[in-house]
Amino acid sequence: MSIGFGASDRQKSLYTLEGSCSQSEWTSIEMVLKEDMQVPIPKPFDLARFLAATMTFVSSVENAHVFFDNKIFMKIAKSRQLPSSIRIPKDMIPRNKEDTMHIKGLSVVTQEITDPVKRKSFWDGSKREAPKVAKVTEAVSRAMTYDHPPWLTHSAKYAVYSAQVTTTSNKDLYKGLKAMTKKDPPSHFDFEMVYFSKEEQDARTAEEKIDPDMGSIFRGPQGLFPQLDGEYMSRIFVGQSTAQTTGIGGHMSGRFIPTVERGSRSNVEWNQELLYGGGFLARLVYEQEIRKVQEAWPTVNVATVDARASASREKALYAMRYFTFQPSTPDAKVARILQEAFFDCFDHSSNVHFPILTNSGIRNTKDVREIHADFASFMKTVPTQLPTSPGDPPNLVDTLPEKYGVRTYTCSDVVKELQGRILQEDEMIGCLRWWVGFISSLEIDEERETTLTFLSSLTDNAKSRIGNSTRVIELRNITKFVDGNIWLPWLQSDDALPPDTIPFSFTRPLDRRHISPSLLGQPMTVVDWLSHLISPQIDAAHDIRKNSAYSNRVLSVLGNIWPMMSSDMESEAKDLMQDFPWIATNLGFRPPGGAYFPEADVFRDLPVVSVNLFDQQILTVLGEFGVKRHLKFEELFAKADKLSTYTDPDAMERLEDIRKYAVFPCNKGGKYCIPDLYLPHGEIRPLGLPILAWSRRIDKDSEDEQLLIDMGFLRHPPLEKLIEIAGDPDPKVQRAAFGYLASKFDELYDMEYDPSKYEDMPFIPATRDGHDSVGAYEEVYSDPSWALMGFQKVHHSVDRKIIGRLRMREAPSARQVIEIFRTSPPKDVNTATKWFAFLATKQVLSPGDLQQIAEIPIIPVEFISQGHSDFAESRLVPPRECFIGGSQYGDDHLYRRLFTFVDFGDHANRFLKACGVKAKPDCSDIVHILIKDPKEFLKKAGAEGDPEKYLVELRGIAVGYEGLSEEDKKRMKNAPIFVGYRTSRSSDPEHSAIVVRDEFQLVQASKILLADDMENRRILSELYESVGSGYLSAHIKYNWTRCEEVRKAILEKLPIFMHEFDEQRLKQGSVHRKWDDKSRMLKLESNYRISAERQRESNEFFVSAEITTEENGCVVLWLKKTEHLDMYDVAVALCHLLFKTHKKHDVLSLMTILETDKEVLRKRGYDEREMAARKKQLEESGGGRHGGGTIRFRSKFLDFFRWQLGGSKTAGKVEPKEIDDAVKELMDQCANGQATREEQEIRNKEHSGADKKRKDVKYCAELKSTALETVDVGGAAGLIPVWRQITAHKEIPGELTDFANIVHGLNGVLDLKDPDLMGFNRHRLIFLNLAHYTEHLDSMTPGQAYIHWYYIILHEIAHNKTPFHDKNHELLVAGLSARFLPRLHDVEEVRKYFN
């Protein structure tokens, strides 16, 4: 029979033909290619790889030859050994869950594939492009001409495991299978799986390395050997290979039911149940391979064993890698079903073991632990899984189900480890680190306490060696540890420790905070350590009673930790060591009380400590334990008496050294050095100083006194020491020390005393609030009046003479006064009144200082507490927020509710005014409080229902708007403080009508439109316009028609109306003169409406006329389209256009003229032609009521002014010899503020008969136009009054404060104490010109300004004596300037100028 295959172009499918053929033992299968098929024929090498894989599961095929033109060019042979049966393990389950597949038997057979192929010259191009058919034919023909072709033989072995499966399908499955396959399903069959050994896989890898171009004939696309982690995976075979992969390293074959397309298989129930056999075989093979490795694993650690262990490890890793399930393709369920069968085919109830490779060989997972860094250092016997790294291939252990999973370490594992062996030191450190970290990580107290119960199990079994020694410690005997916070780094690892203390090398790496709570131990104390060092069991190397080096080391450690010890611990340690000879000296070991410091060994015969004395900490410890620093006074001199028998030449020099050592007794007890002791005089004893305990009396200026002074004993205390004693807490010592200072000041301390050195040391007897105290130089003042404000005043017992000697200050500094106000302001009105009135009489505070006080809450204000009408509370308010008086306002006045008014009397009020308290609220104050809370302002104004009262305040603000600062103006623009009206409509149910009413709101000015005709509220409209409100006319929309009749009336009659007005009232000059019949500068349009849109609302307003101006200057008058035009609206529109401001009678007059007939007007005297002629004539003559002219203004509003001086002809005469008396007289007048009758007659007028020089008083004379008024400048000038001309309207310049500071400084230079400043009597004042200062400000430095105004003031003071600029005046100015010139030079700004 002959079978042929062909392809139909129409049907696109294969078909067969049957027919008779010649007799042959072969079955021939022929396939004819399509005529247009030009693809390359399969590569010979790839064909051989395909055939080798195909023959794997074809049991009846043993050889395959490939012919080309009747010539053999490929031969593949398969040899198969006899199968070996395998007993089904009793722990494995030989049936699936559905009980449809039963495994009745198992076997394994070894197969070998041999593939002799041509050499590379023939197979060239396995990985290159294959030749076309014609070329291959030619190549084969040439190759077959050789009688002995050059063959290369490749072979590969592998095991095929087979499971004999019987089926018992249920009825539904049976019917389904029969309907699908058209035949009965098989009742028994073999399920097979291939296992490739590691050696065979390594051989394939070697083949690929030998010939990278060709690769291995057994591995590649559709090759026999898969790549475990590569591109070519193992597949499921249904006779031949399919596209479905298995997910593990071996191929599988069974009676799967394929689909019509051979490239995949049907995902039906049969196939899923059949896969159980694959998982069963995979687990069987894995168990066998891993057990082989376990049996071959070496048990002895020798060199050959290491090689064997390495080989076994590689085989185990290969087996685990072989059976690590990866996702299968294209159906991912295949790998999942196989994996599930792989792990479930064992009876878990009787066998929970799953062997894997660990660091200790093959172990079951129940005995294996996960790798954990905390346990790695000390858990050596418990097997752990192998470590992995990023990039490693998938691991079988990672895919284990929970029942086979690797567990984490437990405390029981640790106990078993400790029971099994003795740990090394580093291992024990790791164990302790794990335990301490574990306990400290438990946040719940109950959980921590439960876990700590396991501690005894650990400590009972924990043993460890110490370092490299053979000594072993058991944790059960350890109760203490070394606290690193105290002992480190002073204590070293080789130091001796008590046997119950764990070496600190074990606990050093641990977190010190958690050692005690985790190990339940206590830190080792100093007493514990010292007790061990003196115990009998101490070794010789650490015996501090025998080893001087270690004794000194113990002292070094104690010196470093002594400051951290408690007083009780110090006492216990000293008591413990007091009687033991452990201090190393030059004469052997001594108890602490029997050893001495070198300074006590004056005669070189005492046991002196041998430790390093350069360490101050060691010196402290030796002193604490009782080592003596000096001999008793009696012993010292007893030894000194024996020096005459000594032959030592340095004996006298050593006796001289006694001065350096504390060996001399004091009356207070103890021993002192000579420079620290005072002679025993009675005046020294009350000072509490250490006095030499001398047995006999020492008289002053005696030989004994001189001898002791020569030796170095002190006669008088140094000044600094005396001042320090004067601040002693004991009042008796205070008084004694200051009395000693006062009595000896001129004799001993005058030249040395410098108050700046002791300004912070309290030593001056003082009084504060009626109690005695001691104050420093900067705290006590000679003027007792300052006690009113809580400052200390000099005690009444202090002599006025010593006050001057100590150069005590009369008053506190401005900084101190300000600090008192900050920290302790007056608490009540009575105290405040006294303070403020007092400060008004003092010149301590400059204007700049007063400006600082203005911001500090210092004024107590009483107010009635809410809900307690009979209870008044007090609060402190800064001066900036207060106003004087308030009596001008009634009790119900708005300002009473808005502002705080105070009145502390005339004197106190004067000080408050200097601090910025105003006489009354001005516009800026009202603006500030309005902006702060507009609604509260509205409420207090009683304008919540009717805003008229609120508008009254806005009008006041409008009047003062131009005087506000730019910052206040800016804040007003952004604040919702302006009244705006909005029309609202609502329904009236009772009358069935719409009610229209105007409602007001407080909004920003930019949200308000102004009606153009608001003559009655012109001030408010100007304010609104200044802060951003727009006019209604700007929002007009127009529709127009021509109105020539009205235009004609305006052109004819407007000149009559304008005849009476000058151009100063006009807004745009004479713009109306350009209007005539020919000009188009005036147009009339009709039919318009005004539309104002604000906040999404639209309202319409109707009037008869409105005017606009176009860009070209043309004026358009818009008229309402109506039968009866209201000429009043036309007049209003024209007045808006023509005048800057207009009045109502202007509108009425224009309306009357426009409505009156032209002839009627002429009869009444309004002839426009005569008016035009007169106006033209007036213009040509250059005159006119408003023809021009210059308005002159004064640029300087203040000059030097004085009261008019006058009197007799002899007034003011000064003789040169009387100049000193005259100067003193002038300054006394300044101080007393009074003048004689003769001096009061001096006036600033010309004397009749005076010479020319005497009349020259212009630059400092009073002008006729200098009528003055006081100005409230809000404290900008401090206590200096400020005046200005009544006719002046300029603002006070901002340089006022700087000028006032200069005047205040010169007040101190001239020593003027009167509170009126320059008010040399109440009837004469000197006025200093602020304009003059500001004009020359840029050309002067501060120093120059002081000098300039210094001479100006002296010039004016001299005029109090003489009214003229003559020789008498010059003598007085010279005398005054010479007297105060040194003080002027002390001013800091003047010194800087000269330097």
# chains A, B, ... in the order shown; residues from 1 in each chain; ligands from 1
>>> residues_around(residues="Ile515 in chain A", least_positions_apart="4", cutoff="7 Å", atoms="only C-alpha atoms", output="VMD selection string")
chain A and resid 436 511 519
>>> residues_around(residues="Pro825 in chain A", least_positions_apart="3", cutoff="9 Å", atoms="only C-alpha atoms", output="VMD selection string")
chain A and resid 820 to 822 832 857 to 860 876
>>> write_last_selection(atoms="C-alpha atoms", output="PDB file, in the first residue's frame")
ATOM      1  CA  ILE A 820      11.121  98.531  84.957  1.00  0.00           C
ATOM      2  CA  PHE A 821       8.155  99.450  82.794  1.00  0.00           C
ATOM      3  CA  ARG A 822       8.486  96.188  80.880  1.00  0.00           C
ATOM      4  CA  ALA A 832       0.683 105.048  88.051  1.00  0.00           C
ATOM      5  CA  PRO A 857       1.462  98.536  78.306  1.00  0.00           C
ATOM      6  CA  ILE A 858       2.081 100.728  81.361  1.00  0.00           C
ATOM      7  CA  ILE A 859      -1.208 102.590  81.904  1.00  0.00           C
ATOM      8  CA  PRO A 860      -3.688 100.841  84.252  1.00  0.00           C
ATOM      9  CA  LEU A 876      -2.606  97.717  81.226  1.00  0.00           C
TER      10      LEU A 876
END
>>> residues_around(residues="Arg955 in chain A", least_positions_apart="5", cutoff="10 Å", atoms="only C-alpha atoms", output="PDB file with N, CA, C and O atoms, in the first residue's frame")
ATOM      1  N   TYR A 950     -23.251 106.451  61.431  1.00  0.00           N
ATOM      2  CA  TYR A 950     -21.981 105.907  60.887  1.00  0.00           C
ATOM      3  C   TYR A 950     -21.433 106.838  59.811  1.00  0.00           C
ATOM      4  O   TYR A 950     -20.230 107.083  59.725  1.00  0.00           O
ATOM      5  N   GLY A 960     -10.486 114.821  57.162  1.00  0.00           N
ATOM      6  CA  GLY A 960      -9.067 114.647  57.491  1.00  0.00           C
ATOM      7  C   GLY A 960      -8.345 113.647  56.626  1.00  0.00           C
ATOM      8  O   GLY A 960      -7.243 113.218  56.974  1.00  0.00           O
ATOM      9  N   TYR A 961      -8.943 113.253  55.538  1.00  0.00           N
ATOM     10  CA  TYR A 961      -8.358 112.185  54.698  1.00  0.00           C
ATOM     11  C   TYR A 961      -6.985 112.558  54.160  1.00  0.00           C
ATOM     12  O   TYR A 961      -6.062 111.744  54.153  1.00  0.00           O
ATOM     13  N   ARG A1017     -23.903 115.529  49.500  1.00  0.00           N
ATOM     14  CA  ARG A1017     -22.901 114.662  50.139  1.00  0.00           C
ATOM     15  C   ARG A1017     -21.577 114.719  49.377  1.00  0.00           C
ATOM     16  O   ARG A1017     -20.963 113.713  49.078  1.00  0.00           O
ATOM     17  N   ARG A1018     -21.201 115.923  49.011  1.00  0.00           N
ATOM     18  CA  ARG A1018     -20.002 116.097  48.207  1.00  0.00           C
ATOM     19  C   ARG A1018     -18.753 115.600  48.938  1.00  0.00           C
ATOM     20  O   ARG A1018     -17.879 114.967  48.344  1.00  0.00           O
ATOM     21  N   ILE A1019     -18.672 115.856  50.233  1.00  0.00           N
ATOM     22  CA  ILE A1019     -17.477 115.438  50.994  1.00  0.00           C
ATOM     23  C   ILE A1019     -17.346 113.918  50.991  1.00  0.00           C
ATOM     24  O   ILE A1019     -16.271 113.356  50.764  1.00  0.00           O
ATOM     25  N   LEU A1020     -18.498 113.257  51.206  1.00  0.00           N
ATOM     26  CA  LEU A1020     -18.446 111.783  51.197  1.00  0.00           C
ATOM     27  C   LEU A1020     -18.095 111.247  49.819  1.00  0.00           C
ATOM     28  O   LEU A1020     -17.331 110.286  49.675  1.00  0.00           O
ATOM     29  N   SER A1021     -18.668 111.853  48.773  1.00  0.00           N
ATOM     30  CA  SER A1021     -18.395 111.345  47.426  1.00  0.00           C
ATOM     31  C   SER A1021     -16.926 111.492  47.070  1.00  0.00           C
ATOM     32  O   SER A1021     -16.335 110.627  46.413  1.00  0.00           O
ATOM     33  N   LEU A1023     -14.467 111.380  49.213  1.00  0.00           N
ATOM     34  CA  LEU A1023     -13.768 110.319  49.944  1.00  0.00           C
ATOM     35  C   LEU A1023     -13.919 108.981  49.222  1.00  0.00           C
ATOM     36  O   LEU A1023     -12.939 108.250  49.008  1.00  0.00           O
TER      37      LEU A1023
END
>>> atom_distance(atom1="CA of Ile884 in chain A", atom2="CA of Thr900 in chain A")
8.7 Å
>>> residues_around(residues="Ala941 in chain A", least_positions_apart="3", cutoff="8 Å", atoms="only C-alpha atoms", output="number ranges by chain")
A: 894, 937-938, 949-950
>>> write_last_selection(atoms="C-alpha atoms", output="CSV table (one decimal), in the first residue's frame")
chain,number,residue,atom,x,y,z
A,894,LEU,CA,-19.4,107.3,70.5
A,937,PHE,CA,-17.8,100.1,65.1
A,938,LEU,CA,-21.2,100.2,63.5
A,949,LYS,CA,-24.6,108.1,62.5
A,950,TYR,CA,-22.0,105.9,60.9
>>> closest_residue(among="A:Glu855, A:Glu449, A:Asp710, A:Asp398", to="Leu520 in chain A", atoms="only C-alpha atoms")
A:Glu449
>>> residues_around(residues="range 1149-1158 of chain A", least_positions_apart="6", cutoff="6 Å", atoms="only C-alpha atoms", output="VMD selection string")
chain A and resid 1127 to 1128 1131
>>> write_last_selection(atoms="C-alpha atoms", output="mmCIF file, in the first residue's frame")
data_model
loop_
_atom_site.group_PDB
_atom_site.id
_atom_site.type_symbol
_atom_site.label_atom_id
_atom_site.label_comp_id
_atom_site.auth_asym_id
_atom_site.auth_seq_id
_atom_site.Cartn_x
_atom_site.Cartn_y
_atom_site.Cartn_z
ATOM 1 C CA MET A 1127 -34.634 120.709 31.486
ATOM 2 C CA TYR A 1128 -33.559 120.332 35.116
ATOM 3 C CA ALA A 1131 -28.966 121.759 33.594
#
>>> select_by_dssp(residues="range 700-915 of chain A", states="strand (DSSP E or B)", output="ChimeraX atom specification")
/A:714,764-768,771-775,780-781,792-794,859-864,872-877,882-884,900-902
>>> write_last_selection(atoms="C-alpha atoms", output="PDB file, in the first residue's frame")
ATOM      1  CA  LEU A 714      47.972  89.669 105.071  1.00  0.00           C
ATOM      2  CA  ILE A 764      26.543  99.147  98.645  1.00  0.00           C
ATOM      3  CA  PRO A 765      24.091  99.234 101.592  1.00  0.00           C
ATOM      4  CA  ALA A 766      20.694 100.151 100.205  1.00  0.00           C
ATOM      5  CA  THR A 767      16.984 100.221 100.923  1.00  0.00           C
ATOM      6  CA  ARG A 768      14.188  98.847  98.734  1.00  0.00           C
ATOM      7  CA  HIS A 771      13.770  96.710 103.633  1.00  0.00           C
ATOM      8  CA  ASP A 772      17.540  96.754 103.906  1.00  0.00           C
ATOM      9  CA  SER A 773      19.444  95.255 101.021  1.00  0.00           C
ATOM     10  CA  VAL A 774      22.764  95.299  99.226  1.00  0.00           C
ATOM     11  CA  GLY A 775      23.048  96.543  95.673  1.00  0.00           C
ATOM     12  CA  VAL A 780      21.798 101.822  93.882  1.00  0.00           C
ATOM     13  CA  TYR A 781      21.215 105.558  93.389  1.00  0.00           C
ATOM     14  CA  GLN A 792      17.263 100.868  95.455  1.00  0.00           C
ATOM     15  CA  LYS A 793      18.357 104.001  97.243  1.00  0.00           C
ATOM     16  CA  VAL A 794      21.467 104.418  99.347  1.00  0.00           C
ATOM     17  CA  ILE A 859      -1.208 102.590  81.904  1.00  0.00           C
ATOM     18  CA  PRO A 860      -3.688 100.841  84.252  1.00  0.00           C
ATOM     19  CA  VAL A 861      -7.246 101.324  83.056  1.00  0.00           C
ATOM     20  CA  GLU A 862     -10.235 100.274  85.122  1.00  0.00           C
ATOM     21  CA  PHE A 863     -13.321  98.881  83.463  1.00  0.00           C
ATOM     22  CA  ILE A 864     -16.509  97.209  84.645  1.00  0.00           C
ATOM     23  CA  ALA A 872     -14.059  96.891  88.456  1.00  0.00           C
ATOM     24  CA  GLU A 873     -11.124  95.162  86.841  1.00  0.00           C
ATOM     25  CA  SER A 874      -7.877  96.684  85.668  1.00  0.00           C
ATOM     26  CA  ARG A 875      -5.787  96.116  82.580  1.00  0.00           C
ATOM     27  CA  LEU A 876      -2.606  97.717  81.226  1.00  0.00           C
ATOM     28  CA  VAL A 877      -2.735  99.693  78.002  1.00  0.00           C
ATOM     29  CA  CYS A 882      -4.869 106.121  75.169  1.00  0.00           C
ATOM     30  CA  PHE A 883      -6.123 109.707  75.108  1.00  0.00           C
ATOM     31  CA  ILE A 884      -6.062 112.459  77.706  1.00  0.00           C
ATOM     32  CA  THR A 900      -9.645 104.683  76.195  1.00  0.00           C
ATOM     33  CA  PHE A 901      -9.465 108.023  78.024  1.00  0.00           C
ATOM     34  CA  VAL A 902      -7.295 108.568  81.068  1.00  0.00           C
TER      35      VAL A 902
END
>>> residues_around(residues="Gln537 in chain A", least_positions_apart="5", cutoff="12 Å", atoms="only C-alpha atoms", output="PyMOL selection string")
chain A and resi 496-499+531-532+542-543
